[in-house]
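Source file upload_38.cif; content: mmCIF, C-alpha atoms.
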data_protein
#
loop_
_atom_site.label_atom_id
_atom_site.label_comp_id
_atom_site.auth_asym_id
_atom_site.auth_seq_id
_atom_site.Cartn_x
_atom_site.Cartn_y
_atom_site.Cartn_z
CA MET A 217 18.57 4.64 12.25
CA GLN A 218 15.16 5.27 13.76
CA GLY A 219 13.11 8.34 12.95
CA ARG A 220 10.82 10.32 15.20
CA LEU A 221 7.70 8.28 14.47
CA SER A 222 9.52 4.97 14.91
CA VAL A 223 10.75 6.08 18.34
CA TRP A 224 7.18 7.13 19.25
CA LEU A 225 5.77 3.75 18.13
CA VAL A 226 8.41 1.86 20.16
CA LYS A 227 7.61 4.01 23.22
CA HIS A 228 3.96 2.96 22.94
CA GLY A 229 4.71 -0.72 22.29
CA LEU A 230 3.56 -0.78 18.65
CA VAL A 231 5.29 -3.43 16.54
CA HIS A 232 6.97 -2.24 13.34
CA ARG A 233 10.33 -2.25 11.57
CA SER A 234 12.18 0.88 10.57
CA LEU A 235 13.34 0.83 6.94
CA GLY A 236 15.27 4.08 7.24
CA PHE A 237 14.70 7.17 5.15
CA ASP A 238 14.18 7.75 1.44
CA TYR A 239 16.16 10.23 -0.67
CA GLN A 240 13.94 13.11 0.53
CA GLY A 241 14.41 12.22 4.18
CA ILE A 242 10.94 10.70 4.58
CA GLU A 243 10.83 7.99 7.23
CA THR A 244 9.77 4.54 5.96
CA LEU A 245 8.27 1.89 8.23
CA GLN A 246 7.29 -1.73 7.66
CA ILE A 247 4.07 -2.88 9.33
CA LYS A 248 2.79 -6.48 9.43
CA PRO A 249 -0.61 -6.99 7.76
CA GLU A 250 -2.23 -8.08 11.02
CA ASP A 251 -1.01 -4.89 12.76
CA TRP A 252 -1.87 -2.48 9.92
CA HIS A 253 -5.46 -1.52 10.82
CA PRO A 254 -4.86 -0.56 14.48
CA ILE A 255 -1.66 1.29 13.56
CA ALA A 256 -3.47 3.10 10.72
CA VAL A 257 -6.09 4.34 13.20
CA ILE A 258 -3.36 5.41 15.63
CA LEU A 259 -1.49 7.27 12.88
CA TYR A 260 -4.69 9.09 11.91
CA VAL A 261 -5.33 10.12 15.51
CA TYR A 262 -1.65 11.10 15.85
CA GLY A 263 -2.21 13.61 13.04
CA TYR A 264 -1.53 11.81 9.75
CA ASN A 265 -4.91 12.87 8.40
CA TYR A 266 -4.13 12.80 4.67
CA LEU A 267 -3.41 9.74 2.54
CA ARG A 268 -1.39 11.29 -0.25
CA SER A 269 -1.12 8.08 -2.23
CA GLN A 270 -1.37 4.32 -2.02
CA CYS A 271 0.27 1.98 -4.48
CA ALA A 272 1.47 -1.60 -4.64
CA TYR A 273 4.30 -3.48 -6.29
CA ASP A 274 5.69 -6.96 -6.79
CA VAL A 275 8.90 -7.19 -4.77
CA ALA A 276 10.39 -10.12 -6.73
CA PRO A 277 9.16 -12.92 -8.99
CA GLY A 278 7.62 -15.52 -6.70
CA GLY A 279 8.28 -13.29 -3.67
CA LEU A 280 6.26 -10.89 -1.59
CA LEU A 281 3.82 -8.20 -2.69
CA ALA A 282 3.93 -4.75 -1.07
CA SER A 283 1.22 -2.19 -0.43
CA VAL A 284 2.67 1.29 0.15
CA TYR A 285 0.93 4.19 1.90
CA HIS A 286 2.26 7.77 1.80
CA LEU A 287 0.76 9.72 4.69
CA THR A 288 0.94 13.44 5.42
CA ARG A 289 0.27 15.36 8.59
CA ILE A 290 -1.71 18.43 7.49
CA GLU A 291 -1.91 21.26 10.02
CA TYR A 292 -2.96 24.87 9.75
CA GLY A 293 -0.05 27.28 9.35
CA ILE A 294 2.57 24.61 8.56
CA ASP A 295 4.49 25.18 5.32
CA GLN A 296 6.38 21.88 5.30
CA PRO A 297 4.02 19.10 6.49
CA GLU A 298 5.44 15.96 8.07
CA GLU A 299 5.31 12.85 5.87
CA ILE A 300 5.67 9.13 6.45
CA CYS A 301 5.82 6.07 4.18
CA ILE A 302 4.31 2.80 5.36
CA LYS A 303 5.02 -0.52 3.61
CA VAL A 304 2.88 -3.58 4.28
CA PHE A 305 4.29 -6.78 2.79
CA THR A 306 2.12 -9.85 2.15
CA LEU A 307 2.57 -13.33 0.72
CA ARG A 308 1.63 -13.67 -2.95
CA LYS A 309 -0.13 -17.02 -2.40
CA ASN A 310 -3.04 -15.44 -0.50
CA PRO A 311 -2.33 -11.69 -0.36
CA LYS A 312 -4.56 -10.02 2.24
CA ILE A 313 -4.19 -6.65 3.92
CA PRO A 314 -6.79 -4.75 5.97
CA SER A 315 -8.26 -1.89 3.96
CA ALA A 316 -7.37 1.67 4.93
CA PHE A 317 -10.66 2.91 3.43
CA TRP A 318 -12.35 3.29 6.82
CA VAL A 319 -9.48 5.48 8.04
CA TRP A 320 -8.72 7.46 4.86
CA LYS A 321 -11.57 7.51 2.29
CA SER A 322 -9.07 8.39 -0.47
CA ALA A 323 -7.82 4.77 -0.30
CA ASP A 324 -10.97 3.67 -2.18
CA PHE A 325 -9.86 3.76 -5.82
CA GLN A 326 -6.18 3.33 -5.03
CA GLU A 327 -6.68 0.03 -3.19
CA ARG A 328 -9.04 -1.11 -5.96
CA GLU A 329 -6.31 -0.46 -8.52
CA SER A 330 -3.78 -2.42 -6.43
CA TYR A 331 -6.29 -5.27 -6.22
CA ASP A 332 -6.95 -5.17 -9.95
CA MET A 333 -3.30 -5.09 -11.03
CA LEU A 334 -1.62 -7.25 -8.35
CA GLY A 335 -4.42 -9.27 -6.72
CA ILE A 336 -3.96 -7.94 -3.19
CA SER A 337 -7.25 -8.40 -1.34
CA TYR A 338 -8.05 -5.49 0.99
CA ASP A 339 -10.22 -6.87 3.78
CA ASN A 340 -13.36 -4.85 4.63
CA HIS A 341 -13.06 -2.67 1.52
CA PRO A 342 -16.67 -1.77 0.58
CA ARG A 343 -16.32 -2.09 -3.22
CA LEU A 344 -13.31 -4.29 -3.94
CA LYS A 345 -13.70 -5.19 -7.61
CA ARG A 346 -11.85 -4.67 -10.84
CA ILE A 347 -11.46 -1.03 -11.83
CA LEU A 348 -9.17 -1.08 -14.90
CA MET A 349 -9.49 -4.58 -16.31
CA PRO A 350 -12.77 -6.27 -17.30
CA GLU A 351 -14.31 -8.54 -14.63
CA SER A 352 -13.62 -11.52 -16.90
CA TRP A 353 -9.85 -10.85 -16.98
CA ILE A 354 -7.73 -13.72 -15.70
CA GLY A 355 -4.72 -12.96 -13.54
CA TRP A 356 -2.93 -9.91 -12.19
CA PRO A 357 -1.12 -7.94 -14.94
CA LEU A 358 1.53 -6.17 -12.82
CA ARG A 359 2.89 -9.29 -11.15
CA LYS A 360 6.38 -10.11 -12.40
CA ASP A 361 5.41 -13.72 -13.09
CA TYR A 362 2.28 -12.79 -15.08
CA ILE A 363 1.84 -14.30 -18.53
CA ALA A 364 -0.74 -12.58 -20.72
CA PRO A 365 -3.47 -14.93 -21.91
CA ASN A 366 -3.43 -15.64 -25.67
CA PHE A 367 -0.05 -13.93 -26.04
CA TYR A 368 1.94 -15.15 -29.00
CA GLU A 369 5.42 -13.83 -29.51
CA ILE A 370 6.16 -12.93 -33.10
CA GLN A 371 8.98 -15.17 -34.25
CA ASP A 372 10.75 -15.24 -37.53
CA ALA A 373 8.97 -12.09 -38.68
CA HIS A 374 10.43 -10.71 -41.85
#
Just dump the structure as structure tokens.
Amino acid sequence: MQGRLSVWLVKHGLVHRSLGFDYQGIETLQIKPEDWHPIAVILYVYGYNYLRSQCAYDVAPGGLLASVYHLTRIEYGIDQPEEICIKVFTLRKNPKIPSAFWVWKSADFQERESYDMLGISYDNHPRLKRILMPESWIGWPLRKDYIAPNFYEIQDAH
């Protein structure tokens, strides 16, 4: 089932995949990494002027990584603003997604956290560096296949 925004994107020839609706009725769309920046600009111009949150997750061990953007259309006098969820999937071998920083400034620290925890590189981000872990940290702690360095499981503890 396609939502209102999906129909609008199809009408204007913008490539995406509808993922349906979440439990609150918020439309979810999948955008390819190479299409994300132009579609982000279009969504901003279309009225989605507030990036409520950005997060990322590991879809499956050895599988794809996902960067998720929750956008809201803020307008004067509207009690129930329109919301949309965008998912951008990328390969874990060389995970790259265009940064949304230049469209929504609030993506700054959120994309840095996704980089720090999952290793997703956000192209054209002005300050993409570790934010939670020390610069010397090896690996990406929230990946499902991550093994902590110097981790020794306690065995035969009495």
Legend entry - Within 7 Å of A:Lys248 using all atoms listed in the file, minus same-chain residues under 4 positions, as a list in words: Trp252, Val304 and Phe305 of chain A
Inset, instruction - Identify which of the residues A:Leu334, A:Ala272, A:Leu281, A:Ile247 lies closest to A:Leu348, counting only C-alpha atoms when measuring atom-to-atom distances. - result: A:Leu334
Inset, instruction - Compare A:Gly279, A:Pro311, A:Pro342, A:Pro249 by their minimum atom-to-atom distance to A:Asp361, counting all atoms listed in the file, and give me the closest one. - result: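 Of A:Gly279, A:Pro311, A:Pro342, A:Pro249, the one nearest A:Asp361, counting all atoms listed in the file, is A:Gly279.
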May I have the protein, DNA and RNA residues with any atom at most 9 Å from the point (-3.6, -0.9, -1.4), counting all atoms listed in the file, written as an mmCIF file with C-alpha atoms, in the frame of the given file?
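What follows is the written file result-v3.cif:
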data_model
loop_
_atom_site.group_PDB
_atom_site.id
_atom_site.type_symbol
_atom_site.label_atom_id
_atom_site.label_comp_id
_atom_site.auth_asym_id
_atom_site.auth_seq_id
_atom_site.Cartn_x
_atom_site.Cartn_y
_atom_site.Cartn_z
ATOM 1 C CA GLN A 270 -1.370 4.320 -2.020
ATOM 2 C CA CYS A 271 0.270 1.980 -4.480
ATOM 3 C CA ALA A 272 1.470 -1.600 -4.640
ATOM 4 C CA ALA A 282 3.930 -4.750 -1.070
ATOM 5 C CA SER A 283 1.220 -2.190 -0.430
ATOM 6 C CA VAL A 284 2.670 1.290 0.150
ATOM 7 C CA TYR A 285 0.930 4.190 1.900
ATOM 8 C CA ILE A 313 -4.190 -6.650 3.920
ATOM 9 C CA PRO A 314 -6.790 -4.750 5.970
ATOM 10 C CA SER A 315 -8.260 -1.890 3.960
ATOM 11 C CA ALA A 316 -7.370 1.670 4.930
ATOM 12 C CA ALA A 323 -7.820 4.770 -0.300
ATOM 13 C CA ASP A 324 -10.970 3.670 -2.180
ATOM 14 C CA PHE A 325 -9.860 3.760 -5.820
ATOM 15 C CA GLN A 326 -6.180 3.330 -5.030
ATOM 16 C CA GLU A 327 -6.680 0.030 -3.190
ATOM 17 C CA ARG A 328 -9.040 -1.110 -5.960
ATOM 18 C CA GLU A 329 -6.310 -0.460 -8.520
ATOM 19 C CA SER A 330 -3.780 -2.420 -6.430
ATOM 20 C CA TYR A 331 -6.290 -5.270 -6.220
ATOM 21 C CA ILE A 336 -3.960 -7.940 -3.190
ATOM 22 C CA SER A 337 -7.250 -8.400 -1.340
ATOM 23 C CA TYR A 338 -8.050 -5.490 0.990
#
Inset, instruction - Measuring atom to atom with all atoms listed in the file, identify which of A:Tyr362, A:Val223, A:Ile347, A:Cys301 is nearest to A:Leu235. - result: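 Answer, going by the shortest atom-to-atom distance: A:Cys301.
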Inset, instruction - Work out how far apart atom CA of A:Pro357 and atom CA of A:Ser322 are and give it in Å to one decimal. - result: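 Between atom CA of A:Pro357 and atom CA of A:Ser322 the gap is 23.2 Å.
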Legend entry - Atom-to-atom span, atom CA of A:Val257 and atom CA of A:His228, Å: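 These two atoms are separated by 14.1 Å.
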If I wrap all listed atoms of stretch 235-248 of chain A in a box with edges along x, y and z and add 6 Å on each side, what are its centre and edge lengths in Å to one decimal, as JSON?
{"center_x": 9.5, "center_y": 3.3, "center_z": 4.4, "size_x": 25.4, "size_y": 31.6, "size_z": 22.1}
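For the set A:Leu221, A:Leu307, A:Leu280, A:Leu287, the residue with the smallest atom-to-atom gap to A:Lys360 is A:Leu280, counting only C-alpha atoms.
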Inset, instruction - Calculate how many Å separate atom CA of A:Gln246 from atom CA of A:Trp356, rounding to one decimal. - result: 23.8 Å
Inset, instruction - Determine the nearest neighbour of A:Asp238 from the options A:Gly335, A:Gly219, A:Pro297, A:Pro277, counting all atoms listed in the file. - result: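 Ranked by minimum distance to A:Asp238, first place goes to A:Gly219.
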Legend entry - From A:Ala276, A:Ile258, A:His286, A:Ser234, residue lying nearest A:Glu298 [only C-alpha atoms]: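 Result for the nearest residue to A:Glu298: A:His286.
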Let me know the residues the PyMOL selection byres ((chain A and resi 262) around 12) catches in the file above, as a compact mmCIF listing (two decimals) with C-alpha atoms, in the coordinates of the input.
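Output below, filename part.txt:
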# COMPACT_ATOMS: atom_id res chain seq x y z
CA LEU A 221 7.70 8.28 14.47
CA TRP A 224 7.18 7.13 19.25
CA LEU A 225 5.77 3.75 18.13
CA ILE A 255 -1.66 1.29 13.56
CA ALA A 256 -3.47 3.10 10.72
CA VAL A 257 -6.09 4.34 13.20
CA ILE A 258 -3.36 5.41 15.63
CA LEU A 259 -1.49 7.27 12.88
CA TYR A 260 -4.69 9.09 11.91
CA VAL A 261 -5.33 10.12 15.51
CA GLY A 263 -2.21 13.61 13.04
CA TYR A 264 -1.53 11.81 9.75
CA ASN A 265 -4.91 12.87 8.40
CA TYR A 266 -4.13 12.80 4.67
CA LEU A 287 0.76 9.72 4.69
CA THR A 288 0.94 13.44 5.42
CA ARG A 289 0.27 15.36 8.59
CA ILE A 290 -1.71 18.43 7.49
CA GLU A 291 -1.91 21.26 10.02
CA GLU A 298 5.44 15.96 8.07
For the file shown, what are the residues hit by the PyMOL selection byres ((chain A and resi 241) around 12), laid out as a tab-separated table (two decimals) with C-alpha atoms, in the coordinates of the input?
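Result file is result_14.tsv:
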chain	number	residue	atom	x	y	z
A	217	MET	CA	18.57	4.64	12.25
A	218	GLN	CA	15.16	5.27	13.76
A	219	GLY	CA	13.11	8.34	12.95
A	220	ARG	CA	10.82	10.32	15.20
A	235	LEU	CA	13.34	0.83	6.94
A	236	GLY	CA	15.27	4.08	7.24
A	237	PHE	CA	14.70	7.17	5.15
A	238	ASP	CA	14.18	7.75	1.44
A	239	TYR	CA	16.16	10.23	-0.67
A	240	GLN	CA	13.94	13.11	0.53
A	242	ILE	CA	10.94	10.70	4.58
A	243	GLU	CA	10.83	7.99	7.23
A	244	THR	CA	9.77	4.54	5.96
A	298	GLU	CA	5.44	15.96	8.07
A	299	GLU	CA	5.31	12.85	5.87
A	300	ILE	CA	5.67	9.13	6.45
A	301	CYS	CA	5.82	6.07	4.18
